[in-house]
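One file, entry_23.txt, is given below (compact mmCIF, C-alpha atoms).
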# COMPACT_ATOMS: atom_id res chain seq x y z
CA MET A 233 103.30 133.92 170.44
CA ILE A 234 101.40 135.21 167.42
CA CYS A 235 104.64 136.49 165.88
CA SER A 236 106.23 133.10 166.45
CA LYS A 237 103.37 131.36 164.67
CA ARG A 238 103.57 133.83 161.82
CA GLY A 239 107.30 133.20 161.58
CA TYR A 240 106.78 129.45 161.38
CA LEU A 241 104.11 129.94 158.74
CA LEU A 242 106.38 132.16 156.67
CA LEU A 243 109.18 129.63 156.89
CA PHE A 244 106.78 126.89 155.88
CA VAL A 245 105.57 128.86 152.86
CA LEU A 246 109.13 129.70 151.88
CA GLY A 247 110.09 126.07 152.21
CA ILE A 248 107.23 124.91 150.02
CA GLY A 249 108.05 127.61 147.48
CA SER A 250 111.70 126.52 147.42
CA LEU A 251 110.71 122.92 146.85
CA ILE A 252 108.40 123.92 143.97
CA PHE A 253 111.17 126.10 142.52
CA LEU A 254 113.73 123.31 142.76
CA ALA A 255 111.28 120.84 141.23
CA ALA A 256 110.65 123.25 138.34
CA ILE A 257 114.39 123.65 137.77
CA ALA A 258 114.88 119.87 137.87
CA SER A 259 112.02 119.41 135.40
CA VAL A 260 113.46 121.97 132.99
CA SER A 261 116.92 120.46 133.36
CA LEU A 262 115.58 116.95 132.73
CA SER A 263 113.61 118.15 129.71
CA SER A 264 116.69 119.92 128.33
CA GLN A 265 118.79 116.82 128.90
CA GLU A 266 116.24 114.63 127.13
CA THR A 267 116.09 117.09 124.22
CA PHE A 268 119.90 117.12 124.03
CA GLN A 269 120.10 113.34 124.12
CA GLN A 270 117.42 113.05 121.45
CA ARG A 271 119.21 115.55 119.20
CA PHE A 272 122.54 113.83 119.92
CA SER A 273 121.03 110.47 118.92
CA GLU A 274 119.38 111.88 115.78
CA ASN A 275 122.60 113.59 114.70
CA GLY A 276 124.46 110.32 115.27
CA ALA A 277 122.04 108.40 113.03
CA LYS A 278 122.40 111.04 110.32
CA ALA A 279 126.20 110.91 110.62
CA VAL A 280 126.07 107.12 110.17
CA ALA A 281 123.95 107.54 107.04
CA LEU A 282 126.42 110.10 105.66
CA ALA A 283 129.39 107.81 106.30
CA ASP A 284 127.58 104.95 104.53
CA THR A 285 126.84 107.27 101.60
CA GLY A 286 130.57 107.95 101.32
CA LEU A 287 131.27 104.21 101.20
CA ALA A 288 128.63 103.64 98.52
CA LYS A 289 129.97 106.50 96.41
CA SER A 290 133.52 105.17 96.75
CA ILE A 291 132.45 101.71 95.59
CA GLY A 292 130.77 103.34 92.58
CA HIS A 293 134.02 105.12 91.66
CA LEU A 294 135.99 101.88 92.00
CA LEU A 295 133.55 100.10 89.68
CA GLU A 296 134.19 102.76 87.03
CA ASN A 297 137.94 102.91 87.63
CA ALA A 298 139.70 100.17 89.57
CA GLU A 299 142.68 102.48 90.21
CA TRP A 300 140.63 105.32 91.72
CA SER A 301 142.19 106.80 94.86
CA GLU A 302 141.33 110.51 94.73
CA GLY A 303 138.71 110.39 97.44
CA PHE A 304 136.60 113.46 98.27
CA ARG A 305 136.60 115.96 101.11
CA GLU A 306 133.57 117.30 102.96
CA GLU A 307 131.05 116.42 100.27
CA ALA A 308 127.80 118.12 101.28
CA ASN A 309 124.69 115.96 101.57
CA GLU A 310 121.40 116.27 103.50
CA GLY A 311 122.64 119.01 105.81
CA GLY A 312 125.92 117.29 106.68
CA VAL A 313 129.18 116.26 105.00
CA TYR A 314 131.13 113.08 104.34
CA SER A 315 134.79 112.56 103.44
CA VAL A 316 136.94 109.74 102.09
CA SER A 317 140.72 110.08 101.88
CA PHE A 318 143.51 107.78 100.73
CA GLY A 319 146.98 107.56 102.21
CA GLU A 320 148.72 106.59 105.42
CA ASN A 321 146.20 105.62 108.12
CA ALA A 322 143.36 106.11 105.63
CA SER A 323 141.74 104.27 102.72
CA LEU A 324 143.89 101.99 100.60
CA ASN A 325 143.23 100.64 97.09
CA ASN A 326 144.81 97.23 96.47
CA LEU A 327 142.51 96.11 93.64
CA ARG A 328 145.37 96.11 91.14
CA GLY A 329 148.16 95.33 93.61
CA ASP A 330 150.55 92.42 93.23
CA SER A 331 150.86 91.56 96.93
CA PRO A 332 148.85 91.89 100.16
CA VAL A 333 149.32 95.07 102.20
CA GLU A 334 149.51 95.22 106.00
CA ARG A 335 147.59 98.09 107.60
CA ASP A 336 147.22 98.50 111.39
CA GLY A 337 147.43 94.79 112.03
CA GLN A 338 145.02 93.98 109.20
CA THR A 339 145.81 92.46 105.83
CA ILE A 340 144.40 94.09 102.68
CA PRO A 341 144.40 91.21 100.17
CA ILE A 342 145.07 91.56 96.47
CA GLY A 343 141.89 92.47 94.61
CA THR A 344 140.33 94.42 97.48
CA ALA A 345 140.13 97.99 98.72
CA TYR A 346 140.00 99.20 102.32
CA LEU A 347 137.71 102.22 102.59
CA GLU A 348 137.22 104.70 105.44
CA SER A 349 134.38 107.18 105.22
CA THR A 350 133.66 109.84 107.85
CA GLY A 351 130.20 111.37 108.16
CA GLN A 352 129.71 114.64 110.05
CA TYR A 353 126.33 115.99 111.14
CA GLY A 354 126.23 118.78 113.68
CA SER A 355 128.55 117.83 116.53
CA ARG A 356 128.46 114.11 115.71
CA SER A 357 131.16 112.40 113.68
CA VAL A 358 131.07 108.73 112.64
CA THR A 359 133.65 106.73 110.68
CA SER A 360 132.55 103.66 108.72
CA SER A 361 135.15 101.30 107.28
CA ALA A 362 134.79 98.44 104.83
CA LEU A 363 136.90 95.91 102.98
CA VAL A 364 135.37 95.53 99.51
CA SER A 365 135.98 93.72 96.25
CA THR A 366 134.50 95.12 93.03
CA GLY A 367 133.56 91.89 91.34
CA GLU A 368 135.26 89.19 89.32
CA LEU A 369 135.02 89.19 85.54
CA LEU A 370 133.03 86.09 84.58
CA PHE A 371 132.70 86.69 80.86
CA GLU A 372 133.62 89.29 78.25
CA ASP A 373 133.11 89.42 74.48
CA HIS A 374 134.12 92.32 72.22
CA PHE A 375 133.32 90.44 69.00
CA THR A 376 136.65 91.26 67.42
CA THR A 377 136.56 88.24 65.10
CA ASN A 378 133.40 86.17 65.65
CA ALA A 379 130.43 85.39 67.88
CA ASP A 380 131.09 81.70 68.28
CA GLY A 381 129.91 79.87 71.37
CA TRP A 382 126.52 81.55 71.72
CA ASN A 383 123.67 79.06 71.89
CA SER A 384 120.75 79.95 69.63
CA ASN A 385 117.46 78.48 68.48
CA GLN A 386 118.22 79.88 65.01
CA PRO A 387 121.51 78.85 63.34
CA GLY A 388 123.73 81.23 61.42
CA LEU A 389 123.51 84.30 63.68
CA THR A 390 127.25 84.64 64.17
CA VAL A 391 128.03 87.43 61.68
CA VAL A 392 130.55 89.97 62.99
CA LEU A 393 131.53 93.11 61.09
CA LEU A 394 133.95 95.78 62.30
CA GLY A 395 133.84 94.51 65.87
CA GLN A 396 130.04 94.39 66.07
CA TRP A 397 127.82 91.34 66.28
CA ILE A 398 124.99 91.73 63.79
CA LEU A 399 121.68 90.23 64.88
CA ASP A 400 119.38 90.57 61.87
CA LEU A 401 115.85 89.47 62.67
CA SER A 402 114.22 91.28 59.75
CA VAL A 403 113.37 87.95 58.11
CA THR A 404 113.88 85.59 61.07
CA PRO A 405 111.34 84.26 63.61
CA GLN A 406 111.80 84.96 67.31
CA VAL A 407 115.35 84.31 68.40
CA ARG A 408 116.98 83.60 71.75
CA LEU A 409 120.73 83.57 72.24
CA PHE A 410 122.44 82.38 75.42
CA LYS A 411 125.95 82.44 76.85
CA GLY A 412 127.55 81.56 80.16
CA ASP A 413 127.19 79.13 83.02
CA GLU A 414 123.98 78.01 84.70
CA SER A 415 125.71 78.22 88.08
CA TRP A 416 126.06 82.03 87.87
CA HIS A 417 124.13 83.51 90.79
CA ASN A 418 124.60 87.21 91.65
CA TYR A 419 126.04 89.24 88.79
CA THR A 420 125.77 92.20 86.44
CA PHE A 421 125.11 91.76 82.71
CA GLU A 422 126.16 94.76 80.64
CA ALA A 423 125.89 95.21 76.88
CA ASP A 424 126.43 98.05 74.40
CA VAL A 425 123.67 97.73 71.81
CA LEU A 426 122.59 99.81 68.82
CA LEU A 427 119.19 99.14 67.24
CA THR A 428 119.15 100.10 63.56
CA GLN A 429 115.69 98.73 62.82
CA GLY A 430 112.71 97.58 64.87
CA THR A 431 110.61 98.57 67.83
CA GLY A 432 112.36 97.03 70.81
CA LEU A 433 114.76 94.54 72.33
CA GLY A 434 115.12 92.20 75.25
CA LEU A 435 117.91 90.97 77.53
CA LEU A 436 117.79 87.76 79.54
CA VAL A 437 119.27 86.89 82.94
CA ARG A 438 119.32 83.74 85.08
CA VAL A 439 118.61 81.60 82.05
CA THR A 440 118.33 77.83 82.52
CA GLY A 441 117.15 75.10 80.20
CA ASP A 442 117.44 74.82 76.42
CA VAL A 443 117.03 77.65 73.93
CA ASN A 444 113.56 76.55 72.85
CA SER A 445 111.95 76.36 76.29
CA PRO A 446 114.08 78.23 78.83
CA ASN A 447 113.35 79.63 82.26
CA ALA A 448 114.58 83.21 82.66
CA TYR A 449 113.88 86.84 83.47
CA LEU A 450 113.35 89.09 80.44
CA VAL A 451 114.12 92.80 80.69
CA GLY A 452 112.63 94.39 77.59
CA TYR A 453 111.74 97.65 75.92
CA SER A 454 108.87 98.05 73.46
CA LEU A 455 108.12 101.19 71.50
CA LEU A 456 104.72 99.80 70.54
CA GLU A 457 103.42 99.69 74.13
CA ALA A 458 102.23 103.17 75.18
CA PRO A 459 104.13 104.96 72.39
CA GLU A 460 102.58 108.29 73.38
CA ARG A 461 104.38 107.93 76.74
CA GLY A 462 107.80 106.97 75.47
CA GLY A 463 107.24 103.24 75.09
CA THR A 464 107.46 100.70 77.89
CA PHE A 465 110.19 98.99 79.88
CA HIS A 466 109.04 95.71 81.34
CA LEU A 467 110.26 92.79 83.44
CA ASP A 468 108.79 89.36 82.65
CA ARG A 469 109.25 85.91 84.10
CA ILE A 470 109.63 83.18 81.51
CA GLU A 471 109.01 79.50 82.20
CA ASN A 472 109.39 76.81 79.57
CA GLY A 473 109.79 79.51 76.94
CA MET A 474 106.52 81.29 77.77
CA VAL A 475 105.90 84.54 79.66
CA VAL A 476 104.03 83.54 82.83
CA GLU A 477 104.18 86.81 84.76
CA ARG A 478 104.71 90.49 84.06
CA ILE A 479 106.51 91.57 87.20
CA GLN A 480 106.90 95.27 86.52
CA THR A 481 106.20 97.94 83.90
CA LYS A 482 107.57 101.47 83.58
CA ARG A 483 106.55 103.96 80.90
CA GLY A 484 109.35 105.76 79.14
CA ASP A 485 108.29 109.20 80.35
CA GLU A 486 108.38 107.92 83.95
CA VAL A 487 112.13 107.41 83.66
CA GLY A 488 112.91 110.43 81.48
CA ILE A 489 112.82 108.76 78.05
CA VAL A 490 111.64 111.17 75.37
CA GLY A 491 111.89 111.28 71.60
CA LEU A 492 110.46 107.80 70.96
CA SER A 493 112.21 106.30 67.93
CA ALA A 494 114.80 109.09 67.96
CA TRP A 495 115.91 107.78 71.36
CA LEU A 496 115.79 104.11 70.38
CA LEU A 497 117.07 103.89 66.81
CA ASN A 498 120.63 104.39 65.55
CA VAL A 499 121.94 105.41 68.97
CA SER A 500 124.17 103.08 70.98
CA HIS A 501 123.03 102.55 74.57
CA THR A 502 124.58 100.69 77.48
CA TYR A 503 122.09 98.29 79.05
CA ARG A 504 122.94 96.94 82.51
CA ILE A 505 121.07 94.40 84.61
CA ALA A 506 122.08 93.48 88.15
CA VAL A 507 120.65 90.47 89.98
CA ARG A 508 121.36 89.93 93.67
CA ASP A 509 119.44 87.16 95.46
CA ASN A 510 115.78 88.22 95.08
CA ALA A 511 116.42 91.74 93.72
CA LEU A 512 116.77 92.90 90.11
CA THR A 513 117.74 96.35 88.84
CA ALA A 514 117.92 97.47 85.20
CA GLU A 515 119.65 100.61 83.91
CA VAL A 516 120.06 102.31 80.54
CA ASP A 517 123.09 104.60 80.22
CA GLY A 518 123.33 104.70 84.02
CA ARG A 519 119.66 105.63 84.47
CA GLU A 520 117.55 103.22 86.52
CA VAL A 521 114.50 102.05 84.56
CA LEU A 522 113.35 99.00 86.55
CA LYS A 523 113.79 97.83 90.13
CA ALA A 524 111.95 94.84 91.55
CA ILE A 525 111.91 92.32 94.38
CA LEU A 526 111.43 88.85 92.92
CA SER A 527 108.98 86.42 94.47
CA ASP A 528 110.13 82.78 94.51
CA PRO A 529 113.12 83.84 92.40
CA LEU A 530 115.03 81.96 89.77
CA ASN A 531 118.37 81.81 91.55
CA GLU A 532 120.98 81.00 88.92
CA GLY A 533 121.58 81.01 85.21
CA ARG A 534 123.20 82.38 82.06
CA ILE A 535 122.68 85.64 80.17
CA GLY A 536 121.22 86.20 76.74
CA PHE A 537 119.36 88.27 74.15
CA GLN A 538 115.81 88.05 72.90
CA PRO A 539 115.40 90.78 70.24
CA SER A 540 111.96 91.89 69.11
CA LEU A 541 110.64 90.64 65.77
CA LEU A 542 111.83 92.47 62.64
CA SER A 543 114.69 94.07 64.57
CA VAL A 544 118.31 94.55 63.57
CA LEU A 545 120.77 94.90 66.45
CA LEU A 546 124.47 95.68 66.54
CA VAL A 547 126.06 94.38 69.75
CA ASP A 548 129.44 95.92 70.49
CA ARG A 549 130.40 94.60 73.94
CA VAL A 550 129.11 92.14 76.51
CA THR A 551 130.48 91.72 80.05
CA VAL A 552 129.35 89.72 83.07
CA ARG A 553 130.80 90.36 86.52
CA THR A 554 130.09 89.16 90.01
CA LEU A 555 128.57 91.89 92.14
CA PRO A 556 130.66 94.06 94.45
CA GLU A 557 131.04 92.39 97.81
CA VAL A 558 131.59 93.91 101.23
CA ARG A 559 133.80 91.36 102.92
CA ALA A 560 134.06 93.06 106.31
CA ARG A 561 132.76 96.21 107.96
CA TRP A 562 133.58 98.35 111.02
CA ARG A 563 132.14 101.51 112.56
CA GLU A 564 133.61 104.02 115.03
CA LEU A 565 131.07 106.27 116.78
Please go through the file and, once you have read it, give me the structure as structure tokens.
Amino acid sequence: MICSKRGYLLLFVLGIGSLIFLAAIASVSLSSQETFQQRFSENGAKAVALADTGLAKSIGHLLENAEWSEGFREEANEGGVYSVSFGENASLNNLRGDSPVERDGQTIPIGTAYLESTGQYGSRSVTSSALVSTGELLFEDHFTTNADGWNSNQPGLTVVLLGQWILDLSVTPQVRLFKGDESWHNYTFEADVLLTQGTGLGLLVRVTGDVNSPNAYLVGYSLLEAPERGGTFHLDRIENGMVVERIQTKRGDEVGIVGLSAWLLNVSHTYRIAVRDNALTAEVDGREVLKAILSDPLNEGRIGFQPSLLSVLLVDRVTVRTLPEVRARWREL
């Protein structure tokens, strides 16, 4: 009888031990599964980011060259890779085409590009696709013969020599010069400018009103403000011809500007301002110098120049384009 009781007790203990063992295994298995799912999800998010990076880089190439179709293979970034290829069942550039192209039941219109970008992180692979247009040319002036059509508060500033518009403010009060349409909304304003004399310059976007009392945003550079730190880039809001708010300031050394006047004078630079809804970005030679979110933004307007006093500028080229637009987007996980 005692042996029987001991047998039952042993079986009971073994049973409890088995249950504890099975519970421990289940717990470890569940924990491993949760860890796997978490890593799987994190890798997926990183793969999505890589694919989107490929799309952004492709759009940048198309902005520089509308016929670009080289793509790139397994470009390394942040521990993963992304790829964009052109050809059958891949990306297709129809920006300069003369007719729509059918692709897998979809129509790629003239003036657009269909892009496929694949991001790979760990075991996760994600393909992002987009139909994009790179922007319509709104205005272009190379000053081959004259600078007619620019509105100015000072007459006579239409001198052009050897394809460059000469803005001589050495003996002229403050000048504003406008061009374009007040209905322009989201666009890029790009100008090649060489300053031969002076301490700064200014470019205007979303300009409305007359030349004497406009509303606008002024993106400027002044060598006289913090000269020991490379001068100052600044973004101002102008209302009725007066600066009412300094939205942002960046010292030259904060954006890699060195050399002071050696950087500014007698060297041609490409200035580019992009305005999209309530965001503004300014670049010099492809280097971002200002980036701001605009409160209660001015929504539309022309472009223009507001050179600093005593300055002499040579303007070689001015272009205004609508911003690149993503017309449609797909993602395959």
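Counting from atom CA of A:Val407, the distance to atom CA of A:Thr554 is 26.6 Å.
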Using only C-alpha atoms, tabulate the residues of stretch 395-449 of chain A lying at most 10 Å from any atom of stretch 494-498 of chain A, each with its closest atom pair and that distance in Å to one decimal, by chain and increasing residue number, as CSV.
residue,atom,partner,partner_atom,distance
A:Val425,CA,A:Asn498,CA,9.6
A:Leu426,CA,A:Asn498,CA,6.0
A:Leu427,CA,A:Leu497,CA,5.2
A:Thr428,CA,A:Asn498,CA,5.0
A:Gln429,CA,A:Leu497,CA,6.7
A:Gly430,CA,A:Leu497,CA,7.9
A:Thr431,CA,A:Leu496,CA,8.0
A:Gly432,CA,A:Leu496,CA,7.9
A:Leu433,CA,A:Leu496,CA,9.8
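The space separating atom CA of A:Phe465 from atom CA of A:Glu422 comes to 16.5 Å.
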Which residues of stretch 504-535 of chain A sit at most 10 Å from stretch 555-563 of chain A, using only C-alpha atoms? Give each one's shortest atom pair and distance in Å (one decimal place), in chain and ascending residue order, as a Markdown table.
| residue | atom | partner | partner_atom | distance |
| --- | --- | --- | --- | --- |
| A:Ala506 | CA | A:Leu555 | CA | 7.8 |
| A:Val507 | CA | A:Leu555 | CA | 8.3 |
| A:Arg508 | CA | A:Leu555 | CA | 7.6 |
**Request:** Work out how far atom CA of A:Asn418 is from atom CA of A:Val552, in Å to one decimal.
**Result:** 10.1 Å
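Taking all atoms listed in the file into account, those protein, DNA and RNA residues with any atom at most 8 Å away from (142.4, 95.9, 94.8) amount to Ala298, Asn325, Asn326, Leu327, Arg328, Gly329, Pro341, Ile342, Gly343, Thr344, Ala345 and Ser365 of chain A.
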**Prompt:** Which neighbours of stretch 469-477 of chain A fall inside 8 Å, counting only C-alpha atoms, when residues of the same chain fewer than 5 positions from it are skipped, and could you give them as a PyMOL selection string?
**Reply:** chain A and resi 441+444-450
**Message:** Report as a ChimeraX atom specification all protein, DNA and RNA residues lying within 8 Å of stretch 391-404 of chain A, evaluated on only C-alpha atoms, omitting residues in the same chain fewer than 2 positions from it.
**Reply:** /A:374-379,388-389,406-407,539-549
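Closest to A:Gly276 among A:Ser415, A:Thr359, A:Thr464, A:Asn297 is A:Thr359, based on only C-alpha atoms.
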